[in-house]
Amino acid sequence: MKEIVSLPNCRYAGIGAREFFGGLGIEVLIPPPISDKTIMIGEKHSPADVCYPYKLTLGNMVEALEQGATIIFMAGGGRGACRLHYYSKLQEITLKKMGYDFKLIPTSQPYEILDNMRQINPHISTKKIIKSFRFVWKKLKTIERAHNLSLQTRPVESKRGQTTKVLKEILKEIDQAHTLKTIKSIRKSLPEKFDSIKENHREQGDLLKIGILGEAYCVLEPYSNQNIEEKLGERGVLVSQKTSEAGWITNSAKLNFSRWWIREMVAKRYLKVPGGGEDQQSVGKAMIYGKNGYDGLIMIQPRTCLPENVAQMFLPEISQKYNIPFLALSFDENTSETAVDNRLEAFVEMIKMKKKRNKKI
Amino acid sequence: MAKMKIGMPKSLLWFKYRVFWESFFENLGCEIVHSPQTDKEIVERGVRNSVDEICIPVKVFYGHCLEIADACDYIFVPRYWRVSKDSITCPKLITTADTVQQILKERFPKKILTTTINIKINSLYRSFLRLGLKINKNPFRVARAYRQAIKDQREHEICKEREFNQKMAQPGIKLAVIGHEYNLFDPYINQELIAEIENQEVNVITSDLVPHSIGEESLTGKPNIYWSYEREIIGAAYWALSSDKISGVILISSFNCGPDSLLYEQILLENNDKPMLTMLLDENTSKETIKTRIDAFVELLNRKVNIKDYERDCQLT
């Protein structure tokens with residue numbers, strides 16, 4: 001029987017996985033993007049007050065298994081205090097009970113990939129794995145750059161929805177690229193493409209700036225945060241968001257300097273010991289956004305997230321100290337889109353007024 | 001010189017380590033000030049000062065700290081981070097010292113007395129030696145206080161084991177009640193649940209009575225649980241599932257408890273035919289709900305045991 005590898009979706013992770021496994025000659029299946037159907041399946045088979053990413057990844061796994069996947073890769077499986085590392089264990093029990101025959105490989109560090117690949121196919125050479133990994137890394141970096149440019153362009157685009165369209169085209173191009181040369185040329189053409197859809201007379205200096213922080217999965221996956229970046233961008237807000245798939249890889253390989261800096265130098269003022277997850281990152285990012293003169297903070301978390309709840313305790317203090325308003329949003333399958341829209345609109349109006357008042361004085 | 005007053009909030013880990021902590025501070029010549037029993041006012045105070053999604057025991061803990069802050073010199077809030085080499089405690093427990101500091105900052109700066117327990121870096125002895133030296137300058141006295149405290153703690157554990165054996169030897173229906181100590185023994189959080197069950201004339205075996213070795217033994221072959229306190233509880237739960245003497249299991253968890261939400265599901269999935277009841281506690285739990293559910297559960301258990309006896313009698317005759 002031929003092995004088909006799959007993994008639950010998380011924003012652009014599918015593009016990276018398709019290239020990585022495809023380059024090694026392993027058949028790979030990327031499940032459909034997360035939708036209402038995914039959460040319906042996930043919710044049915046998971047405990048009631050577990051966090052949102054668990055339900056989404058479980059639903060996505062079922063979708064992949066229905067299409068014929070035999071091996072599933074899942075993040076976590078290490079020893080953090082956060083619930084993420086226990087996901088794969090319970091998901092395996094649940095799915096086996098549902099009658100699927102498959103293998104679940106939890107991967108908490110990129111170093112483990114080498115071993116995991118050997119489990120699937122013992123004949124793959126180390127050189128090939130490293131080469132493939134390097135190419136994927138380049139791809140993810142290009143995607144990160146394109147995404148960041150789109151965040152900067154969206155508030156000043158000349159026609160609504162154009163940025164999203166251009167971004168989609170670029171992603172498609174990147175997905176189809178298979179040589180380093182094409183990736184390089186795509187990367188070079190990025191600023192030009194986004195500049196062409198900008199409105200000429202508007203300057204970025206006047207725009208409202210909002211920093212987004214919070215739990216990684218909910219920040220990344222647009223379905224889970226109800227497309228918050230796009231909504232804010234279309235209201236004319238410059239969104240800054242520093243989490244990305246490439247950053248996640250460097251972090252789990254313990255090579256991410258900026259995260260180390262935040263953990264050791266910035267967040268120690270409030271949180272002396274890490275409580276697992278992203279709590280110190282959230283606290284540190286909030287302080288950095290405050291220092292850099294941002295107009296507002298939005299914290300995104302799945303409902304009942306343990307580390308983010310801890311981080312949220314410190315936000316009122318940080319908000320007072322740096323004079324920066326914050327909005328904490330928690331998401332789960334019952335969060336209504338209208339409620340989120342209303343809160344976002346009120347928040348944006350409020351910081352707009354605050355900025356105007358400060359200018360007059 | 002007046003004795004130093006150490007405040008002990010009667011909440012969270014106090015239920016687990018009370019003998020050890022109190023013996024340690026008393027041997028150092030400190031006076032211990034307890035917070036009162038949890039009541040409505042304390043809960044409301046805690047709820048007002050915390051994030052709304054945090055679980056009830058942590059909210060209650062904040063309430064206790066605010067209540068006790070006036071009456072003592074220091075409040076003892078340790079950071080229990082890693083109590084064994086390959087496990088970690090819950091994120092909320094690790095960071096309580098920092099968050100409480102945040103709440104008390106305006107009115108009482110420098111009121112928190114803390115020490116970090118991380119077995120990977122420092123042994124328990126060194127962590128407490130460092131803490132003791134803040135109170136008493138004499139290291140020999142601190143070391144003696146620590147040894148005495150360890151001895152008292154061990155005696156307490158032996159007492160518990162004896163109680164466990166005694167309870168197991170008694171006749172009648174036995175119910176295992178699984179949950180964290182701070183949920184089981186705080187009569188306000190659980191609305192006197194334990195007393196309610198005991199009123200029904202059943203023997204209650206709480207998960208803290210189950211010896212550590214039995215719990216660890218029943219966890220072999222199961223996925224590795226890396227939360228220390230959950231490990232003990234789930235070990236006890238697995239033991240209860242496999243033991244013939246236990247006729248029913250009650251799982252108690254507080255609403256929004258992170259690790260419990262996953263692990264109780266695991267137990268429910270792996271349970272075959274043992275009667276089981278899951279209860280979620282929060283600040284709106286009423287006494288009547290608990291009473292009704294316990295009544296119904298015990299009634300069903302009684303009926304099941306009676307039917308089993310009847311069937312056995314039929315087979316014999």
# chains A, B, ... in the order shown; residues from 1 in each chain; ligands from 1
>>> interface_residues(of="chain A", to="chain B", cutoff="8 Å", atoms="only C-alpha atoms", output="VMD selection string")
chain A and resid 47 to 50 79 to 83 86 89 to 90 93 to 94 270 to 276 303 to 307 309 to 310 312 to 314
>>> select_by_dssp(residues="region 128-184 of chain A", states="alpha helix (DSSP H)", output="VMD selection string")
chain A and resid 128 to 153 162 to 176 180 to 184
>>> write_last_selection(atoms="C-alpha atoms", output="JSON list (two decimals), in the first residue's frame")
[["chain", "number", "residue", "atom", "x", "y", "z"],
["A", 128, "LYS", "CA", 17.93, 15.36, -0.29],
["A", 129, "ILE", "CA", 15.97, 16.17, 2.88],
["A", 130, "ILE", "CA", 18.17, 19.13, 3.67],
["A", 131, "LYS", "CA", 17.95, 20.41, 0.09],
["A", 132, "SER", "CA", 14.18, 20.12, 0.08],
["A", 133, "PHE", "CA", 13.94, 21.80, 3.48],
["A", 134, "ARG", "CA", 16.06, 24.70, 2.29],
["A", 135, "PHE", "CA", 13.80, 25.28, -0.69],
["A", 136, "VAL", "CA", 10.69, 25.20, 1.49],
["A", 137, "TRP", "CA", 12.30, 27.69, 3.81],
["A", 138, "LYS", "CA", 12.89, 30.09, 0.89],
["A", 139, "LYS", "CA", 9.28, 29.67, -0.17],
["A", 140, "LEU", "CA", 7.92, 30.36, 3.29],
["A", 141, "LYS", "CA", 10.09, 33.44, 3.64],
["A", 142, "THR", "CA", 8.79, 34.78, 0.32],
["A", 143, "ILE", "CA", 5.21, 34.11, 1.43],
["A", 144, "GLU", "CA", 5.86, 35.93, 4.70],
["A", 145, "ARG", "CA", 7.19, 38.93, 2.80],
["A", 146, "ALA", "CA", 4.24, 38.97, 0.42],
["A", 147, "HIS", "CA", 1.81, 38.78, 3.34],
["A", 148, "ASN", "CA", 3.48, 41.64, 5.19],
["A", 149, "LEU", "CA", 3.43, 43.79, 2.04],
["A", 150, "SER", "CA", -0.25, 43.04, 1.59],
["A", 151, "LEU", "CA", -0.93, 44.26, 5.15],
["A", 152, "GLN", "CA", 0.79, 47.55, 4.32],
["A", 153, "THR", "CA", -0.97, 47.96, 0.99],
["A", 162, "GLN", "CA", -7.66, 44.33, -4.98],
["A", 163, "THR", "CA", -4.89, 43.50, -2.53],
["A", 164, "THR", "CA", -6.49, 40.20, -1.58],
["A", 165, "LYS", "CA", -6.79, 39.35, -5.27],
["A", 166, "VAL", "CA", -3.14, 40.15, -5.98],
["A", 167, "LEU", "CA", -2.01, 38.23, -2.90],
["A", 168, "LYS", "CA", -3.96, 35.18, -4.04],
["A", 169, "GLU", "CA", -2.32, 35.32, -7.48],
["A", 170, "ILE", "CA", 1.13, 35.58, -5.95],
["A", 171, "LEU", "CA", 0.45, 32.62, -3.65],
["A", 172, "LYS", "CA", -0.64, 30.57, -6.64],
["A", 173, "GLU", "CA", 2.57, 31.49, -8.46],
["A", 174, "ILE", "CA", 4.69, 30.55, -5.46],
["A", 175, "ASP", "CA", 2.84, 27.27, -5.11],
["A", 176, "GLN", "CA", 3.62, 26.34, -8.69],
["A", 180, "LEU", "CA", 15.08, 28.65, -6.73],
["A", 181, "LYS", "CA", 15.33, 30.96, -9.71],
["A", 182, "THR", "CA", 11.57, 31.45, -10.09],
["A", 183, "ILE", "CA", 11.21, 32.06, -6.36],
["A", 184, "LYS", "CA", 13.88, 34.72, -6.57]]
>>> residues_around(residues="region 173-185 of chain B", least_positions_apart="4", cutoff="9 Å", atoms="only C-alpha atoms", output="VMD selection string")
chain B and resid 11 to 16 57 167 to 168 189 to 190 192 to 194 197 201 to 208 229 to 230 233 to 234 236 to 237 240 245 to 254 260 281 301 to 302 305
>>> select_by_dssp(residues="region 164-360 of chain A", states="strand (DSSP E or B)", output="number ranges by chain")
A: 198, 208-214, 237-241, 296-302, 326-331
>>> atom_distance(atom1="CA of Arg154 (chain A)", atom2="CA of Pro53 (chain A)")
27.2 Å
>>> atom_distance(atom1="CA of Ser336 (chain A)", atom2="CA of Arg48 (chain B)")
25.6 Å
>>> residues_around(residues="region 228-239 of chain A", least_positions_apart="2", cutoff="9 Å", atoms="only C-alpha atoms", output="VMD selection string")
chain A and resid 151 to 157 160 to 161 164 204 207 to 212 219 222 225 to 226 241 340 to 341 344 to 345 348
>>> residues_around(residues="Ala69 (chain B)", least_positions_apart="2", cutoff="10 Å", atoms="only C-alpha atoms", output="short mmCIF file (atom, residue, chain, number, x, y, z; two decimals) with N, CA, C and O atoms, in the first residue's frame")
data_model
loop_
_atom_site.label_atom_id
_atom_site.label_comp_id
_atom_site.auth_asym_id
_atom_site.auth_seq_id
_atom_site.Cartn_x
_atom_site.Cartn_y
_atom_site.Cartn_z
N ILE B 6 3.11 35.52 58.44
CA ILE B 6 3.05 35.02 57.06
C ILE B 6 1.61 34.68 56.71
O ILE B 6 0.98 33.90 57.42
N GLY B 7 1.11 35.27 55.66
CA GLY B 7 -0.27 35.01 55.26
C GLY B 7 -0.36 33.78 54.36
O GLY B 7 0.44 33.59 53.47
N MET B 8 -1.31 32.91 54.68
CA MET B 8 -1.53 31.71 53.87
C MET B 8 -2.93 31.76 53.28
O MET B 8 -3.91 31.52 53.99
N PRO B 9 -3.05 32.06 52.00
CA PRO B 9 -4.39 32.01 51.41
C PRO B 9 -4.86 30.55 51.35
O PRO B 9 -4.15 29.69 50.85
N SER B 35 -6.31 32.82 55.88
CA SER B 35 -7.46 33.57 55.38
C SER B 35 -8.71 32.82 55.82
O SER B 35 -8.66 31.62 56.08
N HIS B 64 -8.82 35.52 48.08
CA HIS B 64 -8.18 35.22 49.37
C HIS B 64 -6.99 36.14 49.61
O HIS B 64 -6.80 36.64 50.72
N CYS B 65 -6.19 36.36 48.59
CA CYS B 65 -4.99 37.20 48.75
C CYS B 65 -5.39 38.62 49.12
O CYS B 65 -4.78 39.25 49.98
N LEU B 66 -6.43 39.16 48.46
CA LEU B 66 -6.88 40.51 48.76
C LEU B 66 -7.43 40.60 50.17
O LEU B 66 -7.25 41.59 50.87
N GLU B 67 -8.09 39.51 50.61
CA GLU B 67 -8.71 39.48 51.93
C GLU B 67 -7.64 39.51 53.03
O GLU B 67 -7.79 40.16 54.05
N ALA B 71 -3.79 41.85 56.98
CA ALA B 71 -3.52 41.26 58.29
C ALA B 71 -2.11 40.69 58.44
O ALA B 71 -1.76 40.20 59.50
N CYS B 72 -1.30 40.68 57.38
CA CYS B 72 -0.01 40.01 57.51
C CYS B 72 1.12 40.83 56.90
O CYS B 72 0.89 41.81 56.19
N ASP B 73 2.37 40.41 57.21
CA ASP B 73 3.52 41.11 56.65
C ASP B 73 3.80 40.66 55.22
O ASP B 73 4.15 41.45 54.36
N TYR B 74 3.71 39.35 55.03
CA TYR B 74 3.95 38.80 53.69
C TYR B 74 2.88 37.77 53.36
O TYR B 74 2.37 37.10 54.26
N ILE B 75 2.59 37.65 52.06
CA ILE B 75 1.74 36.53 51.62
C ILE B 75 2.63 35.54 50.91
O ILE B 75 3.44 35.92 50.07
N LEU B 104 -2.06 43.17 43.55
CA LEU B 104 -1.81 43.83 44.83
C LEU B 104 -0.91 45.06 44.71
O LEU B 104 -0.71 45.78 45.68
N ARG B 107 -1.98 48.79 46.08
CA ARG B 107 -2.22 49.00 47.51
C ARG B 107 -1.12 48.42 48.38
O ARG B 107 -0.75 49.00 49.40
N PHE B 108 -0.60 47.27 48.00
CA PHE B 108 0.44 46.65 48.84
C PHE B 108 1.65 46.26 48.00
O PHE B 108 1.77 45.12 47.59
N LYS B 111 4.53 42.75 48.85
CA LYS B 111 3.86 41.97 49.89
C LYS B 111 4.03 40.47 49.62
O LYS B 111 3.71 39.65 50.47
N ILE B 112 4.51 40.12 48.45
CA ILE B 112 4.55 38.70 48.07
C ILE B 112 5.89 38.09 48.45
O ILE B 112 6.95 38.62 48.14
#
>>> residues_around(residues="Lys37 (chain A)", least_positions_apart="3", cutoff="12 Å", atoms="only C-alpha atoms", output="count of residues only")
17
>>> atom_distance(atom1="CA of Lys127 (chain A)", atom2="CA of Ser185 (chain A)")
25.4 Å
>>> closest_residue(among="A:Ile39, A:Ile124, A:Ile4, A:Ala286", to="Phe102 (chain A)", atoms="only C-alpha atoms")
A:Ile4
>>> residues_around(residues="Met299 (chain A)", least_positions_apart="3", cutoff="10 Å", atoms="only C-alpha atoms", output="JSON, numbers by chain")
{"A": [211, 212, 213, 214, 215, 219, 282, 286, 308, 311, 312, 315, 326, 327, 328, 329, 330]}
>>> decode(residues="region 104-117 of chain A", atoms="N, CA and C atoms", output="PDB file, in the first residue's frame")
ATOM      1  N   LEU A 104      -0.248   8.614  13.293  1.00  0.00           N
ATOM      2  CA  LEU A 104      -0.124  10.036  13.603  1.00  0.00           C
ATOM      3  C   LEU A 104       1.273  10.303  14.138  1.00  0.00           C
ATOM      4  N   ILE A 105       2.001  11.217  13.489  1.00  0.00           N
ATOM      5  CA  ILE A 105       3.371  11.520  13.928  1.00  0.00           C
ATOM      6  C   ILE A 105       3.421  12.942  14.468  1.00  0.00           C
ATOM      7  N   PRO A 106       3.541  13.095  15.793  1.00  0.00           N
ATOM      8  CA  PRO A 106       3.678  14.445  16.330  1.00  0.00           C
ATOM      9  C   PRO A 106       5.099  14.963  16.138  1.00  0.00           C
ATOM     10  N   THR A 107       5.220  16.208  15.711  1.00  0.00           N
ATOM     11  CA  THR A 107       6.533  16.791  15.469  1.00  0.00           C
ATOM     12  C   THR A 107       6.624  18.107  16.223  1.00  0.00           C
ATOM     13  N   SER A 108       7.469  18.153  17.236  1.00  0.00           N
ATOM     14  CA  SER A 108       7.586  19.409  17.962  1.00  0.00           C
ATOM     15  C   SER A 108       8.814  20.189  17.522  1.00  0.00           C
ATOM     16  N   GLN A 109       9.788  19.522  16.891  1.00  0.00           N
ATOM     17  CA  GLN A 109      11.005  20.221  16.481  1.00  0.00           C
ATOM     18  C   GLN A 109      11.367  19.840  15.053  1.00  0.00           C
ATOM     19  N   PRO A 110      11.910  20.788  14.274  1.00  0.00           N
ATOM     20  CA  PRO A 110      12.338  20.458  12.918  1.00  0.00           C
ATOM     21  C   PRO A 110      13.423  19.379  12.891  1.00  0.00           C
ATOM     22  N   TYR A 111      14.188  19.272  13.967  1.00  0.00           N
ATOM     23  CA  TYR A 111      15.244  18.253  14.001  1.00  0.00           C
ATOM     24  C   TYR A 111      14.669  16.838  13.912  1.00  0.00           C
ATOM     25  N   GLU A 112      13.414  16.708  14.380  1.00  0.00           N
ATOM     26  CA  GLU A 112      12.793  15.383  14.375  1.00  0.00           C
ATOM     27  C   GLU A 112      12.377  14.945  12.983  1.00  0.00           C
ATOM     28  N   ILE A 113      12.309  15.911  12.046  1.00  0.00           N
ATOM     29  CA  ILE A 113      11.811  15.590  10.708  1.00  0.00           C
ATOM     30  C   ILE A 113      12.639  14.488  10.063  1.00  0.00           C
ATOM     31  N   LEU A 114      13.957  14.553  10.278  1.00  0.00           N
ATOM     32  CA  LEU A 114      14.855  13.563   9.687  1.00  0.00           C
ATOM     33  C   LEU A 114      14.445  12.145  10.100  1.00  0.00           C
ATOM     34  N   ASP A 115      14.225  11.973  11.405  1.00  0.00           N
ATOM     35  CA  ASP A 115      13.808  10.650  11.902  1.00  0.00           C
ATOM     36  C   ASP A 115      12.456  10.246  11.329  1.00  0.00           C
ATOM     37  N   ASN A 116      11.539  11.245  11.305  1.00  0.00           N
ATOM     38  CA  ASN A 116      10.180  10.940  10.849  1.00  0.00           C
ATOM     39  C   ASN A 116      10.152  10.515   9.389  1.00  0.00           C
ATOM     40  N   MET A 117      11.012  11.174   8.569  1.00  0.00           N
ATOM     41  CA  MET A 117      11.070  10.813   7.153  1.00  0.00           C
ATOM     42  C   MET A 117      11.562   9.387   6.984  1.00  0.00           C
TER      43      MET A 117
END
